[in-house]
Amino acid sequence: MSNKNALEMCLLAQLAESDGYAYQLASVAAKTITLREGVVYPLLRRLVNESHVSTYLVESASGPPRKFYRLESSGVTRLARLRHPRGEPVLPQGAPT
Amino acid sequence: MNREQFLKSLADELGSMTPREREDVLADYREYFADALAAGRSDTDVAKALGAPKPLAQLLQTESRIKRWQDQPTPKSFAQLCWAVLRLGFVNLLALPIIVGMGGALIGCFAAACGLILGGSALTLAIVPEFQIGQYVTVDVAGIDLTEPRSVMVAGIGVICAGIVWLFINVRLAKWFARGLASYARLNISAVKDELPLNR
(Lines give C-alpha, C1' and ligand atoms only; values in the text may rest on other atoms or scores of the structure.)
Protein backbone atom coordinates (compact mmCIF):
# COMPACT_ATOMS: atom_id res chain seq x y z
CA MET A 1 0.00 0.00 0.00
CA SER A 2 1.32 3.40 -0.90
CA ASN A 3 1.98 6.02 1.70
CA LYS A 4 -0.78 8.18 0.31
CA ASN A 5 -3.33 5.42 0.71
CA ALA A 6 -2.11 4.91 4.27
CA LEU A 7 -2.67 8.59 5.03
CA GLU A 8 -6.01 8.66 3.26
CA MET A 9 -7.12 5.62 5.23
CA CYS A 10 -5.84 7.14 8.43
CA LEU A 11 -7.75 10.40 7.88
CA LEU A 12 -10.97 8.63 6.89
CA ALA A 13 -10.70 6.22 9.82
CA GLN A 14 -10.36 9.13 12.23
CA LEU A 15 -13.33 10.88 10.70
CA ALA A 16 -15.34 7.68 10.99
CA GLU A 17 -14.86 8.00 14.75
CA SER A 18 -15.68 11.69 15.00
CA ASP A 19 -15.42 14.94 13.05
CA GLY A 20 -12.08 16.66 13.27
CA TYR A 21 -10.00 19.61 12.11
CA ALA A 22 -6.84 19.51 10.03
CA TYR A 23 -4.18 19.88 12.71
CA GLN A 24 -5.83 17.34 14.97
CA LEU A 25 -6.14 14.85 12.10
CA ALA A 26 -2.51 15.41 11.14
CA SER A 27 -1.19 15.00 14.70
CA VAL A 28 -3.06 11.76 15.23
CA ALA A 29 -1.94 10.49 11.81
CA ALA A 30 1.67 11.33 12.71
CA LYS A 31 1.50 8.86 15.57
CA THR A 32 0.75 5.88 13.34
CA ILE A 33 2.39 6.66 10.01
CA THR A 34 5.34 8.62 8.71
CA LEU A 35 3.54 11.81 7.94
CA ARG A 36 4.47 14.47 5.47
CA GLU A 37 2.38 17.34 6.73
CA GLY A 38 2.40 19.04 3.34
CA VAL A 39 0.27 16.25 1.88
CA VAL A 40 -2.55 16.66 4.39
CA TYR A 41 -4.30 19.65 2.83
CA PRO A 42 -4.05 18.57 -0.81
CA LEU A 43 -5.45 15.21 0.23
CA LEU A 44 -8.25 16.70 2.34
CA ARG A 45 -9.23 18.96 -0.57
CA ARG A 46 -9.36 15.98 -2.87
CA LEU A 47 -11.55 14.07 -0.43
CA VAL A 48 -13.87 17.08 -0.22
CA ASN A 49 -13.98 17.41 -4.03
CA GLU A 50 -14.83 13.73 -4.32
CA SER A 51 -17.62 14.23 -1.74
CA HIS A 52 -16.12 11.63 0.56
CA VAL A 53 -15.84 14.32 3.20
CA SER A 54 -17.68 17.59 3.83
CA THR A 55 -16.64 20.64 5.81
CA TYR A 56 -18.22 23.13 8.17
CA LEU A 57 -16.82 26.07 10.10
CA VAL A 58 -16.91 26.40 13.85
CA GLU A 59 -16.16 29.74 15.48
CA SER A 60 -13.33 29.41 17.94
CA ALA A 61 -12.78 31.49 21.04
CA SER A 62 -9.17 32.12 20.12
CA GLY A 63 -8.10 32.91 16.60
CA PRO A 64 -9.79 32.18 13.28
CA PRO A 65 -12.78 29.86 12.87
CA ARG A 66 -11.91 26.22 12.53
CA LYS A 67 -12.82 24.09 9.56
CA PHE A 68 -14.16 20.72 10.65
CA TYR A 69 -14.28 17.70 8.40
CA ARG A 70 -17.12 15.19 8.45
CA LEU A 71 -17.22 11.77 6.80
CA GLU A 72 -19.96 11.32 4.20
CA SER A 73 -21.54 8.07 3.08
CA SER A 74 -19.32 7.76 0.01
CA GLY A 75 -16.34 8.22 2.33
CA VAL A 76 -17.49 5.25 4.39
CA THR A 77 -17.51 3.16 1.22
CA ARG A 78 -14.10 4.53 0.26
CA LEU A 79 -12.69 3.64 3.67
CA ALA A 80 -14.05 0.11 3.44
CA ARG A 81 -12.43 -0.29 0.03
CA LEU A 82 -9.10 1.01 1.30
CA ARG A 83 -9.24 -1.36 4.24
CA HIS A 84 -10.12 -4.36 2.14
CA PRO A 85 -8.64 -3.92 -1.30
CA ARG A 86 -9.58 -6.70 -3.66
CA GLY A 87 -7.12 -9.55 -3.65
CA GLU A 88 -5.17 -8.31 -0.68
CA PRO A 89 -5.24 -9.73 2.81
CA VAL A 90 -6.91 -7.57 5.43
CA LEU A 91 -4.27 -5.58 7.29
CA PRO A 92 -4.76 -4.35 10.80
CA GLN A 93 -5.27 -0.61 10.85
CA GLY A 94 -2.10 1.43 10.98
CA ALA A 95 0.01 -1.54 9.97
CA PRO A 96 3.46 -0.66 8.68
CA THR A 97 3.45 -0.28 4.94
CA MET B 1 10.83 30.75 6.07
CA ASN B 2 8.41 32.01 8.68
CA ARG B 3 4.62 32.04 8.74
CA GLU B 4 4.21 35.36 6.93
CA GLN B 5 6.69 34.45 4.20
CA PHE B 6 5.04 31.08 3.70
CA LEU B 7 1.53 32.52 3.43
CA LYS B 8 2.70 35.33 1.18
CA SER B 9 4.49 33.11 -1.30
CA LEU B 10 1.63 30.60 -1.25
CA ALA B 11 -0.80 33.42 -2.08
CA ASP B 12 1.49 34.57 -4.89
CA GLU B 13 1.66 31.09 -6.39
CA LEU B 14 -2.11 30.60 -6.34
CA GLY B 15 -2.58 33.07 -9.18
CA SER B 16 -5.00 31.02 -11.28
CA MET B 17 -7.49 30.51 -8.47
CA THR B 18 -10.48 32.75 -7.88
CA PRO B 19 -9.99 35.16 -4.94
CA ARG B 20 -12.54 33.16 -2.97
CA GLU B 21 -10.77 29.84 -3.52
CA ARG B 22 -7.44 31.42 -2.68
CA GLU B 23 -8.77 32.91 0.54
CA ASP B 24 -10.18 29.51 1.47
CA VAL B 25 -6.80 27.85 0.98
CA LEU B 26 -4.98 30.57 2.91
CA ALA B 27 -7.51 30.35 5.74
CA ASP B 28 -6.76 26.62 5.98
CA TYR B 29 -3.07 27.30 6.38
CA ARG B 30 -3.61 30.14 8.84
CA GLU B 31 -5.68 27.80 10.96
CA TYR B 32 -2.99 25.13 10.71
CA PHE B 33 -0.29 27.57 11.80
CA ALA B 34 -2.43 28.79 14.70
CA ASP B 35 -3.00 25.23 15.92
CA ALA B 36 0.63 24.26 15.48
CA LEU B 37 1.87 27.34 17.34
CA ALA B 38 -0.62 26.62 20.12
CA ALA B 39 0.90 23.13 20.30
CA GLY B 40 4.26 24.76 20.99
CA ARG B 41 5.92 24.47 17.59
CA SER B 42 7.85 27.29 15.96
CA ASP B 43 6.43 28.81 12.80
CA THR B 44 9.60 28.17 10.79
CA ASP B 45 9.40 24.51 11.75
CA VAL B 46 5.77 24.33 10.61
CA ALA B 47 6.50 26.16 7.35
CA LYS B 48 9.29 23.69 6.68
CA ALA B 49 7.06 20.71 7.41
CA LEU B 50 4.32 22.03 5.14
CA GLY B 51 6.72 22.15 2.23
CA ALA B 52 7.76 24.55 -0.50
CA PRO B 53 4.84 26.82 -1.43
CA LYS B 54 5.34 26.48 -5.17
CA PRO B 55 4.79 22.72 -5.70
CA LEU B 56 2.15 22.85 -2.99
CA ALA B 57 0.31 25.63 -4.83
CA GLN B 58 0.50 23.66 -8.07
CA LEU B 59 -1.04 20.61 -6.43
CA LEU B 60 -3.83 22.68 -4.91
CA GLN B 61 -4.48 24.46 -8.19
CA THR B 62 -4.63 21.22 -10.13
CA GLU B 63 -7.14 19.90 -7.63
CA SER B 64 -9.21 23.05 -8.03
CA ARG B 65 -9.07 22.68 -11.83
CA ILE B 66 -10.27 19.09 -11.55
CA LYS B 67 -13.11 20.27 -9.37
CA ARG B 68 -14.06 23.05 -11.76
CA TRP B 69 -14.04 20.67 -14.71
CA GLN B 70 -16.23 18.19 -12.81
CA ASP B 71 -18.70 20.95 -11.99
CA GLN B 72 -18.70 22.51 -15.45
CA PRO B 73 -17.29 20.26 -18.16
CA THR B 74 -16.73 22.97 -20.78
CA PRO B 75 -13.96 23.19 -23.38
CA LYS B 76 -12.47 26.02 -21.31
CA SER B 77 -12.29 24.11 -18.04
CA PHE B 78 -11.01 21.11 -20.02
CA ALA B 79 -8.18 23.14 -21.50
CA GLN B 80 -7.38 24.62 -18.08
CA LEU B 81 -7.22 21.15 -16.57
CA CYS B 82 -4.85 19.93 -19.29
CA TRP B 83 -2.65 22.99 -18.82
CA ALA B 84 -2.55 22.59 -15.04
CA VAL B 85 -1.50 18.95 -15.34
CA LEU B 86 1.23 19.77 -17.85
CA ARG B 87 2.43 22.61 -15.65
CA LEU B 88 2.77 20.39 -12.62
CA GLY B 89 6.08 19.32 -14.02
CA PHE B 90 5.72 15.79 -12.78
CA VAL B 91 4.65 14.56 -16.17
CA ASN B 92 7.53 12.19 -16.65
CA LEU B 93 9.22 11.26 -19.89
CA LEU B 94 7.15 8.13 -20.28
CA ALA B 95 3.78 9.78 -19.75
CA LEU B 96 4.43 12.98 -21.69
CA PRO B 97 4.39 11.44 -25.19
CA ILE B 98 1.27 9.47 -24.29
CA ILE B 99 -0.57 12.54 -23.00
CA VAL B 100 0.57 14.79 -25.84
CA GLY B 101 -0.15 12.04 -28.36
CA MET B 102 -3.64 11.44 -27.03
CA GLY B 103 -4.30 15.17 -26.84
CA GLY B 104 -3.11 15.57 -30.44
CA ALA B 105 -5.25 12.65 -31.61
CA LEU B 106 -8.22 14.25 -29.89
CA ILE B 107 -7.64 17.58 -31.64
CA GLY B 108 -7.32 15.68 -34.92
CA CYS B 109 -10.61 13.89 -34.28
CA PHE B 110 -12.37 17.19 -33.60
CA ALA B 111 -10.86 18.66 -36.78
CA ALA B 112 -12.14 15.61 -38.70
CA ALA B 113 -15.63 16.16 -37.30
CA CYS B 114 -15.52 19.82 -38.38
CA GLY B 115 -14.27 18.73 -41.79
CA LEU B 116 -17.14 16.28 -42.20
CA ILE B 117 -19.70 18.91 -41.26
CA LEU B 118 -18.15 21.54 -43.53
CA GLY B 119 -17.73 19.11 -46.42
CA GLY B 120 -21.28 17.84 -46.00
CA SER B 121 -22.57 21.41 -45.98
CA ALA B 122 -20.69 22.14 -49.18
CA LEU B 123 -22.19 19.05 -50.86
CA THR B 124 -25.67 20.02 -49.71
CA LEU B 125 -25.27 23.59 -50.91
CA ALA B 126 -24.03 22.33 -54.29
CA ILE B 127 -27.67 21.84 -55.28
CA VAL B 128 -28.19 25.62 -55.25
CA PRO B 129 -26.84 26.84 -58.60
CA GLU B 130 -26.17 30.37 -57.28
CA PHE B 131 -23.42 29.10 -54.98
CA GLN B 132 -21.59 27.62 -57.96
CA ILE B 133 -20.23 24.77 -55.89
CA GLY B 134 -21.78 22.17 -58.16
CA GLN B 135 -19.09 22.58 -60.77
CA TYR B 136 -16.51 21.22 -58.33
CA VAL B 137 -18.53 18.11 -57.49
CA THR B 138 -18.34 15.12 -59.78
CA VAL B 139 -19.36 11.57 -58.99
CA ASP B 140 -17.51 9.41 -61.39
CA VAL B 141 -17.92 5.64 -61.36
CA ALA B 142 -15.80 3.68 -63.83
CA GLY B 143 -15.64 6.61 -66.20
CA ILE B 144 -19.39 7.20 -66.20
CA ASP B 145 -20.41 10.57 -64.81
CA LEU B 146 -23.11 10.00 -62.22
CA THR B 147 -23.24 13.53 -60.90
CA GLU B 148 -26.85 14.25 -60.05
CA PRO B 149 -27.59 17.31 -57.90
CA ARG B 150 -30.23 15.69 -55.70
CA SER B 151 -28.18 12.61 -54.88
CA VAL B 152 -25.20 14.83 -54.14
CA MET B 153 -27.36 16.76 -51.68
CA VAL B 154 -28.60 13.59 -49.99
CA ALA B 155 -25.01 12.41 -49.72
CA GLY B 156 -24.13 15.81 -48.24
CA ILE B 157 -26.78 15.46 -45.53
CA GLY B 158 -25.44 12.00 -44.79
CA VAL B 159 -21.93 13.36 -44.38
CA ILE B 160 -23.19 16.14 -42.05
CA CYS B 161 -24.96 13.55 -39.90
CA ALA B 162 -21.81 11.43 -39.77
CA GLY B 163 -19.89 14.54 -38.70
CA ILE B 164 -22.36 15.32 -35.91
CA VAL B 165 -22.28 11.74 -34.62
CA TRP B 166 -18.50 11.79 -34.74
CA LEU B 167 -18.51 15.09 -32.83
CA PHE B 168 -20.59 13.56 -30.05
CA ILE B 169 -18.26 10.57 -29.89
CA ASN B 170 -15.34 13.00 -29.60
CA VAL B 171 -16.95 14.89 -26.73
CA ARG B 172 -17.32 11.57 -24.93
CA LEU B 173 -13.69 10.71 -25.70
CA ALA B 174 -12.57 14.11 -24.38
CA LYS B 175 -14.43 13.46 -21.14
CA TRP B 176 -12.71 10.12 -20.72
CA PHE B 177 -9.40 11.74 -21.48
CA ALA B 178 -9.96 14.44 -18.85
CA ARG B 179 -11.08 11.88 -16.30
CA GLY B 180 -7.94 9.86 -16.98
CA LEU B 181 -5.84 12.99 -16.69
CA ALA B 182 -7.44 13.83 -13.34
CA SER B 183 -6.79 10.34 -11.99
CA TYR B 184 -3.24 10.51 -13.27
CA ALA B 185 -2.68 13.89 -11.61
CA ARG B 186 -4.03 12.62 -8.30
CA LEU B 187 -2.01 9.44 -8.52
CA ASN B 188 1.12 11.48 -8.98
CA ILE B 189 0.43 13.75 -6.04
CA SER B 190 1.60 10.97 -3.76
CA ALA B 191 4.26 9.43 -5.94
CA VAL B 192 6.10 12.65 -6.62
CA LYS B 193 5.54 14.24 -3.27
CA ASP B 194 8.54 12.59 -1.71
CA GLU B 195 10.82 13.49 -4.57
CA LEU B 196 9.82 17.13 -4.72
CA PRO B 197 12.14 19.39 -2.79
CA LEU B 198 9.34 20.20 -0.41
CA ASN B 199 11.56 20.91 2.50
CA ARG B 200 13.54 23.65 0.91
# chains A, B, ... in the order shown; residues from 1 in each chain; ligands from 1
call {"tool": "interface_residues", "arguments": {"of": "chain A", "to": "chain B", "cutoff": "9 Å", "atoms": "only C-alpha atoms", "output": "PyMOL selection string"}}
result
chain A and resi 2-5+22-24+36-43+45-46+49-50+63-67
call {"tool": "closest_residue", "arguments": {"among": "B:Leu26, B:Ala142, B:Ala38, B:Val137", "to": "Ala155 (chain B)", "atoms": "only C-alpha atoms"}}
result
B:Val137
call {"tool": "select_by_dssp", "arguments": {"residues": "chain A", "states": "strand (DSSP E)", "output": "ChimeraX atom specification"}}
result
/A:20-21,53-58,66-71
call {"tool": "closest_residue", "arguments": {"among": "A:Leu82, A:Ala6, A:Leu12, A:Ala26", "to": "Leu47 (chain A)", "atoms": "only C-alpha atoms"}}
result
A:Leu12
call {"tool": "residues_around", "arguments": {"residues": "Glu72 (chain A)", "least_positions_apart": "5", "cutoff": "12 Å", "atoms": "only C-alpha atoms", "output": "VMD selection string"}}
result
chain A and resid 12 to 13 15 to 16 18 to 19 47 to 55 77 to 79
call {"tool": "residues_around", "arguments": {"residues": "Ala79 (chain B)", "least_positions_apart": "4", "cutoff": "12 Å", "atoms": "only C-alpha atoms", "output": "PyMOL selection string"}}
result
chain B and resi 65-66+68-69+73-75+83-86+103+107+174-175+177-178+181
call {"tool": "select_by_dssp", "arguments": {"residues": "region 80-196 of chain B", "states": "helix (DSSP H, G or I)", "output": "ChimeraX atom specification"}}
result
/B:80-87,95-125,129-131,134-136,149-193
